[in-house]
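As provided, protein.pdb (PDB, C-alpha atoms, pLDDT in the B column) reads as follows.
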```pdb
MODEL        1
ATOM      1  CA  MET A   7      79.979  34.014 124.070  1.00 89.00           C
ATOM      2  CA  THR A   8      79.811  36.651 126.817  1.00 96.00           C
ATOM      3  CA  GLY A   9      80.508  36.792 130.528  1.00 98.00           C
ATOM      4  CA  LYS A  10      80.144  39.178 133.434  1.00 98.00           C
ATOM      5  CA  VAL A  11      82.484  40.765 135.945  1.00 98.00           C
ATOM      6  CA  ALA A  12      82.171  38.719 139.135  1.00 98.00           C
ATOM      7  CA  GLU A  13      84.807  40.355 141.353  1.00 98.00           C
ATOM      8  CA  LEU A  14      87.128  43.361 141.234  1.00 98.00           C
ATOM      9  CA  TRP A  15      90.320  43.706 143.273  1.00 98.00           C
ATOM     10  CA  ARG A  16      93.234  46.041 143.738  1.00 95.00           C
ATOM     11  CA  TYR A  17      96.355  45.576 145.819  1.00 95.00           C
ATOM     12  CA  PRO A  18      97.701  48.887 147.145  1.00 94.00           C
ATOM     13  CA  VAL A  19     100.665  47.016 148.680  1.00 94.00           C
ATOM     14  CA  SER A  20     101.894  44.457 146.185  1.00 89.00           C
ATOM     15  CA  SER A  21     102.545  41.629 148.672  1.00 93.00           C
ATOM     16  CA  MET A  22      99.617  42.103 151.080  1.00 96.00           C
ATOM     17  CA  ALA A  23      95.984  41.028 150.837  1.00 95.00           C
ATOM     18  CA  GLY A  24      93.949  43.074 148.396  1.00 93.00           C
ATOM     19  CA  GLU A  25      90.750  45.052 148.725  1.00 96.00           C
ATOM     20  CA  ARG A  26      87.599  43.943 146.964  1.00 97.00           C
ATOM     21  CA  LEU A  27      85.750  46.813 145.285  1.00 98.00           C
ATOM     22  CA  ASP A  28      82.528  47.359 143.376  1.00 98.00           C
ATOM     23  CA  GLN A  29      84.273  49.517 140.792  1.00 98.00           C
ATOM     24  CA  LEU A  30      87.774  49.980 139.397  1.00 97.00           C
ATOM     25  CA  HIS A  31      89.079  53.099 137.712  1.00 95.00           C
ATOM     26  CA  ILE A  32      91.326  52.118 134.820  1.00 95.00           C
ATOM     27  CA  HIS A  33      93.884  54.469 133.312  1.00 92.00           C
ATOM     28  CA  ALA A  34      96.491  53.759 130.653  1.00 90.00           C
ATOM     29  CA  ALA A  35      98.949  52.326 133.191  1.00 85.00           C
ATOM     30  CA  GLY A  36      96.418  50.042 134.889  1.00 90.00           C
ATOM     31  CA  VAL A  37      94.153  50.134 137.925  1.00 93.00           C
ATOM     32  CA  VAL A  38      94.272  53.416 139.821  1.00 91.00           C
ATOM     33  CA  GLY A  39      95.820  52.746 143.240  1.00 90.00           C
ATOM     34  CA  ASP A  40      96.996  49.235 142.394  1.00 91.00           C
ATOM     35  CA  ARG A  41     100.395  47.892 143.476  1.00 89.00           C
ATOM     36  CA  ILE A  42     101.848  51.319 144.137  1.00 88.00           C
ATOM     37  CA  TRP A  43     103.492  50.503 147.485  1.00 91.00           C
ATOM     38  CA  GLY A  44     106.157  47.960 148.313  1.00 91.00           C
ATOM     39  CA  LEU A  45     106.723  46.430 151.741  1.00 95.00           C
ATOM     40  CA  LEU A  46     110.324  45.926 152.798  1.00 95.00           C
ATOM     41  CA  ASP A  47     112.220  44.431 155.702  1.00 96.00           C
ATOM     42  CA  ALA A  48     113.515  47.548 157.454  1.00 96.00           C
ATOM     43  CA  ALA A  49     116.689  45.789 158.599  1.00 97.00           C
ATOM     44  CA  THR A  50     117.798  44.478 155.210  1.00 96.00           C
ATOM     45  CA  GLY A  51     115.967  46.666 152.677  1.00 93.00           C
ATOM     46  CA  ARG A  52     114.740  43.557 150.849  1.00 93.00           C
ATOM     47  CA  ILE A  53     111.324  43.913 149.235  1.00 91.00           C
ATOM     48  CA  ALA A  54     108.770  41.338 150.370  1.00 94.00           C
ATOM     49  CA  SER A  55     108.450  38.399 147.947  1.00 93.00           C
ATOM     50  CA  PRO A  56     106.197  35.903 149.753  1.00 94.00           C
ATOM     51  CA  GLY A  57     106.098  33.474 146.844  1.00 90.00           C
ATOM     52  CA  ARG A  58     109.882  33.189 146.695  1.00 90.00           C
ATOM     53  CA  GLU A  59     111.247  33.749 150.209  1.00 94.00           C
ATOM     54  CA  LYS A  60     109.938  32.022 153.338  1.00 94.00           C
ATOM     55  CA  HIS A  61     111.085  35.046 155.318  1.00 96.00           C
ATOM     56  CA  PHE A  62     108.044  36.920 153.960  1.00 96.00           C
ATOM     57  CA  ILE A  63     105.488  34.123 154.062  1.00 95.00           C
ATOM     58  CA  GLY A  64     103.274  35.838 156.665  1.00 95.00           C
ATOM     59  CA  VAL A  65     102.853  39.116 154.754  1.00 96.00           C
ATOM     60  CA  PRO A  66      99.716  38.165 152.719  1.00 95.00           C
ATOM     61  CA  ARG A  67      97.798  37.532 155.959  1.00 94.00           C
ATOM     62  CA  ALA A  68      97.758  41.282 156.595  1.00 96.00           C
ATOM     63  CA  HIS A  69      95.532  43.709 154.702  1.00 96.00           C
ATOM     64  CA  ALA A  70      96.027  46.971 152.839  1.00 96.00           C
ATOM     65  CA  LYS A  71      93.582  49.457 151.371  1.00 96.00           C
ATOM     66  CA  ALA A  72      93.994  52.747 149.566  1.00 93.00           C
ATOM     67  CA  VAL A  73      92.818  55.833 151.432  1.00 92.00           C
ATOM     68  CA  GLN A  74      92.969  59.547 150.693  1.00 88.00           C
ATOM     69  CA  GLU A  75      96.145  59.887 152.752  1.00 82.00           C
ATOM     70  CA  GLY A  76      97.835  57.033 150.878  1.00 89.00           C
ATOM     71  CA  VAL A  77      97.420  53.573 152.377  1.00 94.00           C
ATOM     72  CA  ALA A  78      96.017  52.002 155.539  1.00 96.00           C
ATOM     73  CA  LEU A  79      97.061  48.640 156.985  1.00 97.00           C
ATOM     74  CA  SER A  80      95.385  46.054 159.177  1.00 97.00           C
ATOM     75  CA  LEU A  81      96.212  42.736 160.780  1.00 94.00           C
ATOM     76  CA  ASP A  82      92.615  41.521 160.822  1.00 92.00           C
ATOM     77  CA  GLY A  83      90.805  43.535 158.149  1.00 92.00           C
ATOM     78  CA  GLU A  84      88.810  45.380 160.830  1.00 93.00           C
ATOM     79  CA  ARG A  85      91.121  47.743 162.712  1.00 94.00           C
ATOM     80  CA  TRP A  86      93.022  50.039 160.350  1.00 96.00           C
ATOM     81  CA  ALA A  87      95.927  52.423 160.876  1.00 96.00           C
ATOM     82  CA  GLY A  88      98.557  54.281 158.911  1.00 94.00           C
ATOM     83  CA  PRO A  89     101.925  52.676 158.129  1.00 92.00           C
ATOM     84  CA  ARG A  90     103.685  54.798 160.778  1.00 91.00           C
ATOM     85  CA  ASP A  91     101.336  53.887 163.627  1.00 95.00           C
ATOM     86  CA  ALA A  92     103.586  52.482 166.374  1.00 95.00           C
ATOM     87  CA  GLU A  93     101.037  49.985 167.740  1.00 96.00           C
ATOM     88  CA  LEU A  94     100.248  48.640 164.276  1.00 95.00           C
ATOM     89  CA  LEU A  95     103.922  48.366 163.371  1.00 94.00           C
ATOM     90  CA  GLU A  96     104.591  46.410 166.541  1.00 96.00           C
ATOM     91  CA  GLY A  97     101.768  44.020 165.702  1.00 96.00           C
ATOM     92  CA  LEU A  98     102.962  43.597 162.136  1.00 96.00           C
ATOM     93  CA  SER A  99     106.551  43.022 163.217  1.00 96.00           C
ATOM     94  CA  GLN A 100     105.433  40.272 165.618  1.00 96.00           C
ATOM     95  CA  ALA A 101     103.268  38.655 162.934  1.00 95.00           C
ATOM     96  CA  PHE A 102     105.914  38.879 160.204  1.00 96.00           C
ATOM     97  CA  GLY A 103     109.045  38.252 162.237  1.00 96.00           C
ATOM     98  CA  PHE A 104     110.647  41.480 160.988  1.00 97.00           C
ATOM     99  CA  MET A 105     109.989  45.214 161.150  1.00 97.00           C
ATOM    100  CA  PRO A 106     108.195  46.315 157.965  1.00 96.00           C
ATOM    101  CA  VAL A 107     108.464  49.615 156.161  1.00 94.00           C
ATOM    102  CA  LEU A 108     106.452  50.870 153.185  1.00 93.00           C
ATOM    103  CA  LYS A 109     107.788  52.793 150.211  1.00 89.00           C
ATOM    104  CA  PRO A 110     106.081  53.840 146.983  1.00 87.00           C
ATOM    105  CA  PHE A 111     107.463  51.983 143.987  1.00 81.00           C
ATOM    106  CA  ASP A 112     108.498  55.174 142.217  1.00 71.00           C
ATOM    107  CA  ALA A 113     110.898  55.720 145.119  1.00 53.00           C
ATOM    108  CA  PHE A 114     112.766  52.561 144.092  1.00 50.00           C
ATOM    109  CA  GLY A 115     113.934  53.918 140.742  1.00 50.00           C
ATOM    110  CA  SER A 116     117.410  54.821 141.913  1.00 47.00           C
ATOM    111  CA  GLY A 117     117.743  51.478 143.664  1.00 49.00           C
ATOM    112  CA  GLY A 118     117.021  49.415 140.577  1.00 43.00           C
ATOM    113  CA  PHE A 119     113.370  48.528 141.323  1.00 45.00           C
ATOM    114  CA  ARG A 120     110.714  49.015 138.673  1.00 48.00           C
ATOM    115  CA  PRO A 121     107.001  49.375 139.412  1.00 49.00           C
ATOM    116  CA  ARG A 122     105.388  45.963 139.647  1.00 51.00           C
ATOM    117  CA  TYR A 123     103.691  44.683 136.475  1.00 50.00           C
ATOM    118  CA  GLU A 124     104.515  47.789 134.492  1.00 54.00           C
ATOM    119  CA  HIS A 125     104.746  45.651 131.362  1.00 50.00           C
ATOM    120  CA  ALA A 126     101.078  44.517 131.495  1.00 54.00           C
ATOM    121  CA  PRO A 127      99.162  46.066 134.347  1.00 81.00           C
ATOM    122  CA  ILE A 128      95.832  44.206 134.536  1.00 94.00           C
ATOM    123  CA  HIS A 129      95.496  40.668 135.899  1.00 96.00           C
ATOM    124  CA  LEU A 130      92.441  38.729 134.704  1.00 98.00           C
ATOM    125  CA  VAL A 131      91.165  35.261 135.649  1.00 98.00           C
ATOM    126  CA  THR A 132      87.932  33.497 134.669  1.00 98.00           C
ATOM    127  CA  SER A 133      85.603  31.484 136.851  1.00 98.00           C
ATOM    128  CA  ALA A 134      85.850  28.713 134.250  1.00 98.00           C
ATOM    129  CA  ALA A 135      89.573  28.405 134.977  1.00 98.00           C
ATOM    130  CA  ILE A 136      88.881  28.301 138.725  1.00 98.00           C
ATOM    131  CA  ARG A 137      86.290  25.537 138.273  1.00 98.00           C
ATOM    132  CA  SER A 138      88.623  23.573 136.022  1.00 97.00           C
ATOM    133  CA  LEU A 139      91.345  23.633 138.681  1.00 97.00           C
ATOM    134  CA  GLU A 140      88.777  22.607 141.311  1.00 97.00           C
ATOM    135  CA  ARG A 141      87.998  19.527 139.231  1.00 97.00           C
ATOM    136  CA  GLU A 142      91.701  18.749 138.935  1.00 96.00           C
ATOM    137  CA  LEU A 143      92.215  19.182 142.699  1.00 97.00           C
ATOM    138  CA  PRO A 144      88.965  18.185 144.432  1.00 95.00           C
ATOM    139  CA  GLY A 145      90.628  18.191 147.857  1.00 93.00           C
ATOM    140  CA  SER A 146      91.948  21.749 147.579  1.00 96.00           C
ATOM    141  CA  ILE A 147      90.379  25.134 148.250  1.00 96.00           C
ATOM    142  CA  ILE A 148      90.658  26.947 144.931  1.00 96.00           C
ATOM    143  CA  ASP A 149      89.814  30.582 145.533  1.00 96.00           C
ATOM    144  CA  ALA A 150      90.385  33.533 143.204  1.00 96.00           C
ATOM    145  CA  ARG A 151      92.275  35.317 145.990  1.00 96.00           C
ATOM    146  CA  ARG A 152      95.158  32.863 145.564  1.00 96.00           C
ATOM    147  CA  PHE A 153      95.713  34.233 142.049  1.00 97.00           C
ATOM    148  CA  ARG A 154      95.348  37.913 142.963  1.00 96.00           C
ATOM    149  CA  PRO A 155      93.374  39.037 139.902  1.00 97.00           C
ATOM    150  CA  ASN A 156      92.206  42.571 139.326  1.00 97.00           C
ATOM    151  CA  ILE A 157      89.238  41.156 137.432  1.00 98.00           C
ATOM    152  CA  LEU A 158      87.472  37.833 137.949  1.00 98.00           C
ATOM    153  CA  VAL A 159      85.207  37.163 134.973  1.00 98.00           C
ATOM    154  CA  ASP A 160      82.246  34.818 135.321  1.00 98.00           C
ATOM    155  CA  TRP A 161      82.666  32.790 132.115  1.00 98.00           C
ATOM    156  CA  PRO A 162      80.912  29.605 130.933  1.00 97.00           C
ATOM    157  CA  ASP A 163      82.774  26.296 130.944  1.00 97.00           C
ATOM    158  CA  GLY A 164      84.001  25.128 127.574  1.00 95.00           C
ATOM    159  CA  PRO A 165      86.593  22.873 125.968  1.00 95.00           C
ATOM    160  CA  ASP A 166      89.547  24.927 127.276  1.00 95.00           C
ATOM    161  CA  ALA A 167      90.581  24.525 130.903  1.00 96.00           C
ATOM    162  CA  ILE A 168      91.754  28.156 131.014  1.00 97.00           C
ATOM    163  CA  PRO A 169      89.737  29.968 128.327  1.00 98.00           C
ATOM    164  CA  GLU A 170      91.436  33.318 128.905  1.00 98.00           C
ATOM    165  CA  HIS A 171      94.687  31.868 127.542  1.00 98.00           C
ATOM    166  CA  GLY A 172      92.916  32.014 124.174  1.00 97.00           C
ATOM    167  CA  TRP A 173      92.367  35.756 124.595  1.00 98.00           C
ATOM    168  CA  ILE A 174      96.008  36.680 124.008  1.00 97.00           C
ATOM    169  CA  GLY A 175      96.165  39.371 121.313  1.00 97.00           C
ATOM    170  CA  ARG A 176      92.381  39.854 121.396  1.00 98.00           C
ATOM    171  CA  GLU A 177      90.364  42.808 122.649  1.00 98.00           C
ATOM    172  CA  ILE A 178      88.355  42.299 125.834  1.00 98.00           C
ATOM    173  CA  ARG A 179      85.537  44.802 126.120  1.00 98.00           C
ATOM    174  CA  ILE A 180      84.099  45.483 129.580  1.00 98.00           C
ATOM    175  CA  GLY A 181      81.518  48.250 129.344  1.00 92.00           C
ATOM    176  CA  ASP A 182      83.310  51.186 127.729  1.00 94.00           C
ATOM    177  CA  THR A 183      86.735  49.934 128.806  1.00 98.00           C
ATOM    178  CA  VAL A 184      88.803  47.877 126.388  1.00 98.00           C
ATOM    179  CA  LEU A 185      91.716  45.644 127.361  1.00 98.00           C
ATOM    180  CA  ARG A 186      93.922  43.422 125.241  1.00 97.00           C
ATOM    181  CA  GLY A 187      95.220  40.063 126.388  1.00 97.00           C
ATOM    182  CA  ARG A 188      98.999  40.248 126.395  1.00 95.00           C
ATOM    183  CA  GLU A 189     100.451  37.018 127.791  1.00 95.00           C
ATOM    184  CA  PRO A 190      99.702  34.161 130.196  1.00 96.00           C
ATOM    185  CA  CYS A 191     100.352  34.971 133.832  1.00 95.00           C
ATOM    186  CA  GLY A 192     103.239  32.885 135.168  1.00 93.00           C
ATOM    187  CA  ARG A 193     102.678  31.695 138.708  1.00 94.00           C
ATOM    188  CA  CYS A 194     104.969  31.266 141.700  1.00 92.00           C
ATOM    189  CA  GLY A 195     104.670  29.889 145.228  1.00 93.00           C
ATOM    190  CA  PHE A 196     102.393  32.795 146.214  1.00 93.00           C
ATOM    191  CA  ILE A 197      99.348  30.761 145.148  1.00 95.00           C
ATOM    192  CA  THR A 198     100.195  27.954 147.576  1.00 96.00           C
ATOM    193  CA  ILE A 199     100.816  29.927 150.775  1.00 95.00           C
ATOM    194  CA  ALA A 200      98.306  30.347 153.584  1.00 93.00           C
ATOM    195  CA  GLN A 201      96.130  33.429 153.531  1.00 91.00           C
ATOM    196  CA  GLU A 202      93.025  34.398 155.481  1.00 88.00           C
ATOM    197  CA  GLY A 203      90.652  31.440 155.153  1.00 90.00           C
ATOM    198  CA  LEU A 204      92.984  29.619 152.769  1.00 94.00           C
ATOM    199  CA  PRO A 205      95.401  26.957 154.031  1.00 95.00           C
ATOM    200  CA  GLN A 206      98.814  26.299 152.567  1.00 95.00           C
ATOM    201  CA  ASP A 207      98.518  23.914 149.612  1.00 97.00           C
ATOM    202  CA  VAL A 208     101.598  23.086 147.542  1.00 96.00           C
ATOM    203  CA  GLU A 209      99.590  20.821 145.225  1.00 97.00           C
ATOM    204  CA  ILE A 210      98.042  23.880 143.568  1.00 97.00           C
ATOM    205  CA  LEU A 211     101.333  25.128 142.157  1.00 96.00           C
ATOM    206  CA  ARG A 212     102.468  21.597 141.290  1.00 97.00           C
ATOM    207  CA  THR A 213      99.310  21.108 139.242  1.00 97.00           C
ATOM    208  CA  VAL A 214      99.591  24.492 137.526  1.00 97.00           C
ATOM    209  CA  VAL A 215     103.222  23.710 136.654  1.00 97.00           C
ATOM    210  CA  LYS A 216     102.513  20.180 135.418  1.00 95.00           C
ATOM    211  CA  ARG A 217      99.298  20.775 133.477  1.00 94.00           C
ATOM    212  CA  HIS A 218      99.434  24.443 132.494  1.00 95.00           C
ATOM    213  CA  GLU A 219     103.155  25.210 132.084  1.00 95.00           C
ATOM    214  CA  ARG A 220     103.058  27.309 135.279  1.00 96.00           C
ATOM    215  CA  ASN A 221     100.491  29.730 133.795  1.00 97.00           C
ATOM    216  CA  PHE A 222      97.057  30.635 135.155  1.00 97.00           C
ATOM    217  CA  GLY A 223      95.079  33.682 134.049  1.00 97.00           C
ATOM    218  CA  ILE A 224      96.473  36.428 131.842  1.00 97.00           C
ATOM    219  CA  TYR A 225      98.057  39.857 131.877  1.00 96.00           C
ATOM    220  CA  CYS A 226      96.214  42.549 129.920  1.00 96.00           C
ATOM    221  CA  ASP A 227      97.192  45.905 128.479  1.00 94.00           C
ATOM    222  CA  VAL A 228      94.809  48.856 128.530  1.00 95.00           C
ATOM    223  CA  VAL A 229      93.504  49.890 125.097  1.00 97.00           C
ATOM    224  CA  THR A 230      90.734  52.249 126.213  1.00 97.00           C
ATOM    225  CA  PRO A 231      90.721  53.523 129.823  1.00 96.00           C
ATOM    226  CA  GLY A 232      87.466  53.842 131.747  1.00 97.00           C
ATOM    227  CA  GLU A 233      85.594  52.413 134.701  1.00 97.00           C
ATOM    228  CA  ILE A 234      84.721  48.780 135.316  1.00 98.00           C
ATOM    229  CA  ALA A 235      81.924  47.736 137.662  1.00 98.00           C
ATOM    230  CA  THR A 236      80.846  44.357 138.987  1.00 98.00           C
ATOM    231  CA  GLY A 237      78.117  42.870 136.839  1.00 98.00           C
ATOM    232  CA  ALA A 238      79.393  44.531 133.662  1.00 98.00           C
ATOM    233  CA  THR A 239      79.189  42.461 130.478  1.00 98.00           C
ATOM    234  CA  VAL A 240      82.447  41.038 129.115  1.00 98.00           C
ATOM    235  CA  THR A 241      82.906  40.279 125.416  1.00 98.00           C
ATOM    236  CA  VAL A 242      86.013  39.078 123.607  1.00 98.00           C
ATOM    237  CA  GLY A 243      86.669  40.180 120.027  1.00 94.00           C
TER     238      GLY A 243
ENDMDL
END
```
How does the structure come out when it is put into structure tokens?
Amino acid sequence: MTGKVAELWRYPVSSMAGERLDQLHIHAAGVVGDRIWGLLDAATGRIASPGREKHFIGVPRAHAKAVQEGVALSLDGERWAGPRDAELLEGLSQAFGFMPVLKPFDAFGSGGFRPRYEHAPIHLVTSAAIRSLERELPGSIIDARRFRPNILVDWPDGPDAIPEHGWIGREIRIGDTVLRGREPCGRCGFITIAQEGLPQDVEILRTVVKRHERNFGIYCDVVTPGEIATGATVTVG
């Protein structure tokens, strides 16, 4: 059985909306430019955790994208500015309810923070899993963006609700790039919160907890770095 890459995403700021791309560059540590910045509350120094603290629940409504200078931010996905732009910061502070500040994750080393997802850097979800959850929750909007994958694989429906959970320990070949399924991806309240075009829906997490032991999608390690493009064929060994 084979599939194809349907969508590719990276998240320059770990808690903000991601950027959809036609191609991802994969190195040994994961997606180039992915989850390299953290957003903090300037007053408290706490890193934004929208799925765990209501204080940060508005953060995923804003957008981030990687640029040559580092990162650009936007409230609406149309007007972009750097993270020190006074007008943008004022808008973000009003939207979030606190003044945000960005720091690269490698700057957190002395403070006890590790880079996000260092243990298994690639997030993968299949369309079959999305469709299965849609059948379980016909009144909900089940969108891949809720699960923040790097790779959404278009995969045929089969007997398993989440087929990628069967890929743990197996090689996943996408073009010349090879990944290995490492472990199921445990989910938190992030998947239930409102994002652009997606309303808050607590039933999604309740269902994932009850029927799938809180897991949805998988983490993958990089076996062979390379480039992954939308439309590329996906095979599982």
Item to check | Nearby residues (only C-alpha atoms) at most 12 Å from A:Ser99, same-chain spacing under 5 positions excluded, as a PyMOL selection string | outcome: chain A and resi 45-49+62+64-65+68+81+89+92-94+104-107
Item to check | From A:Glu84, A:Glu75, A:Asp160, A:Asp149, residue lying nearest A:Val240 [all atoms listed in the file] | outcome: A:Asp160
Polymer residues at most 10 Å from A:Glu25, all atoms listed in the file, same-chain spacing of 6 or more positions, as a PDB file with C-alpha atoms, in the coordinates of the input:
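As a result, selection-v8.pdb now contains:
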```pdb
ATOM      1  CA  LEU A  14      87.128  43.361 141.234  1.00 98.00           C
ATOM      2  CA  TRP A  15      90.320  43.706 143.273  1.00 98.00           C
ATOM      3  CA  ARG A  16      93.234  46.041 143.738  1.00 95.00           C
ATOM      4  CA  TYR A  17      96.355  45.576 145.819  1.00 95.00           C
ATOM      5  CA  PRO A  18      97.701  48.887 147.145  1.00 94.00           C
ATOM      6  CA  ASP A  40      96.996  49.235 142.394  1.00 91.00           C
ATOM      7  CA  HIS A  69      95.532  43.709 154.702  1.00 96.00           C
ATOM      8  CA  ALA A  70      96.027  46.971 152.839  1.00 96.00           C
ATOM      9  CA  LYS A  71      93.582  49.457 151.371  1.00 96.00           C
ATOM     10  CA  ALA A  72      93.994  52.747 149.566  1.00 93.00           C
ATOM     11  CA  GLY A  83      90.805  43.535 158.149  1.00 92.00           C
ATOM     12  CA  ASN A 156      92.206  42.571 139.326  1.00 97.00           C
TER      13      ASN A 156
END
```
Item to check | Shell of 7 Å around A:Gly187, only C-alpha atoms, local chain residues under 4 positions omitted, as a list in words | outcome: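 The residues that qualify are Trp173, Ile174, Gly175, Arg176, Glu177, Ile224, Tyr225, Cys226 and Asp227 of chain A.
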File of the preceding selection, C-alpha atoms, as a JSON list (two decimals), in the frame of the given file:
```json
[["chain", "number", "residue", "atom", "x", "y", "z"],
["A", 173, "TRP", "CA", 92.37, 35.76, 124.60],
["A", 174, "ILE", "CA", 96.01, 36.68, 124.01],
["A", 175, "GLY", "CA", 96.16, 39.37, 121.31],
["A", 176, "ARG", "CA", 92.38, 39.85, 121.40],
["A", 177, "GLU", "CA", 90.36, 42.81, 122.65],
["A", 224, "ILE", "CA", 96.47, 36.43, 131.84],
["A", 225, "TYR", "CA", 98.06, 39.86, 131.88],
["A", 226, "CYS", "CA", 96.21, 42.55, 129.92],
["A", 227, "ASP", "CA", 97.19, 45.90, 128.48]]
```
Item to check | Proximity to A:Val131 - best of A:Val38, A:Ala78, A:Cys191, A:Leu108, all atoms listed in the file | outcome: A:Cys191
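Straight-line separation from atom CA of A:Gly44 to atom CA of A:Phe196: 15.8 Å.
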Next on the checklist: For A:His33, find every residue with an atom within 12 Å (counting only C-alpha atoms), except residues of its own chain fewer than 2 positions away, and show them as a PyMOL selection string.
Outcome noted: chain A and resi 30-31+35-40+127-128+183-185+227-234
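You can rank A:Leu27, A:Lys109, A:Lys216, A:Gly243 by their closest distance to A:Arg52 using all atoms listed in the file, and at the top of that list sits A:Lys109.
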Next on the checklist: What's around A:Asp166 at 12 Å? Count all atoms listed in the file, leave out sequence neighbours fewer than 2 positions away in its own chain, and write the answer as a ChimeraX atom specification.
Outcome noted: /A:132,134-139,161-164,168-173,218
Checklist entry - What does the distance from atom CA of A:Ile178 to atom CA of A:Asp28 come to in Å, to one decimal? => result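 Atom CA of A:Asp28 lies at a distance of 19.2 Å from atom CA of A:Ile178.
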Item to check | Residues matched by the PyMOL selection byres ((chain A and resi 213) around 12) as a list in words | outcome: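 When the PyMOL selection byres ((chain A and resi 213) around 12) is applied to the shown file, the picked residues are Ser138, Leu139, Glu140, Arg141, Glu142, Leu143, Pro144, Ser146, Ile148, Arg193, Cys194, Gly195, Ile197, Thr198, Asp207, Val208, Glu209, Ile210, Leu211, Arg212, Val214, Val215, Lys216, Arg217, His218, Glu219, Arg220, Asn221 and Phe222 of chain A.
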Filtering to C-alpha atoms, could you give me those residues as an mmCIF file, in the coordinates of the input?
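The resulting file, selection-v1.cif, is reproduced below:
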```cif
data_model
loop_
_atom_site.group_PDB
_atom_site.id
_atom_site.type_symbol
_atom_site.label_atom_id
_atom_site.label_comp_id
_atom_site.auth_asym_id
_atom_site.auth_seq_id
_atom_site.Cartn_x
_atom_site.Cartn_y
_atom_site.Cartn_z
ATOM 1 C CA SER A 138 88.623 23.573 136.022
ATOM 2 C CA LEU A 139 91.345 23.633 138.681
ATOM 3 C CA GLU A 140 88.777 22.607 141.311
ATOM 4 C CA ARG A 141 87.998 19.527 139.231
ATOM 5 C CA GLU A 142 91.701 18.749 138.935
ATOM 6 C CA LEU A 143 92.215 19.182 142.699
ATOM 7 C CA PRO A 144 88.965 18.185 144.432
ATOM 8 C CA SER A 146 91.948 21.749 147.579
ATOM 9 C CA ILE A 148 90.658 26.947 144.931
ATOM 10 C CA ARG A 193 102.678 31.695 138.708
ATOM 11 C CA CYS A 194 104.969 31.266 141.700
ATOM 12 C CA GLY A 195 104.670 29.889 145.228
ATOM 13 C CA ILE A 197 99.348 30.761 145.148
ATOM 14 C CA THR A 198 100.195 27.954 147.576
ATOM 15 C CA ASP A 207 98.518 23.914 149.612
ATOM 16 C CA VAL A 208 101.598 23.086 147.542
ATOM 17 C CA GLU A 209 99.590 20.821 145.225
ATOM 18 C CA ILE A 210 98.042 23.880 143.568
ATOM 19 C CA LEU A 211 101.333 25.128 142.157
ATOM 20 C CA ARG A 212 102.468 21.597 141.290
ATOM 21 C CA VAL A 214 99.591 24.492 137.526
ATOM 22 C CA VAL A 215 103.222 23.710 136.654
ATOM 23 C CA LYS A 216 102.513 20.180 135.418
ATOM 24 C CA ARG A 217 99.298 20.775 133.477
ATOM 25 C CA HIS A 218 99.434 24.443 132.494
ATOM 26 C CA GLU A 219 103.155 25.210 132.084
ATOM 27 C CA ARG A 220 103.058 27.309 135.279
ATOM 28 C CA ASN A 221 100.491 29.730 133.795
ATOM 29 C CA PHE A 222 97.057 30.635 135.155
#
```
Checklist entry - Nearest to A:Arg179 among A:Gly223, A:Pro165, A:Gly9, A:Pro205, with distances taken over only C-alpha atoms: which residue is it? => result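 Smallest separation from A:Arg179 among the options: A:Gly9.
One distance worth recording is that between atom CA of A:Gln201 and atom CA of A:Trp86, which is 18.2 Å.
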Item to check | Expansion of the PyMOL selection byres ((chain A and resi 155) around 6) into residues, as a ChimeraX atom specification | outcome: /A:129-130,153-154,156-157
Item to check | Closest of A:Gly76, A:Pro66, A:Gly51, A:Gly24 to A:Glu202 - atom-to-atom distances counting only C-alpha atoms | outcome: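 For A:Glu202, the nearest of the given residues is A:Pro66.
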Next on the checklist: For the PyMOL selection byres ((chain A and resi 7) around 8), applied here, can you spell out every residue it catches as number ranges by chain?
Outcome noted: A: 8-9, 241-242
Item to check | Option closest in space to A:Leu79, from A:Gly103, A:Trp43, A:Ala200, A:Arg58 [counting all atoms listed in the file] | outcome: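 Answer, going by the shortest atom-to-atom distance: A:Trp43.
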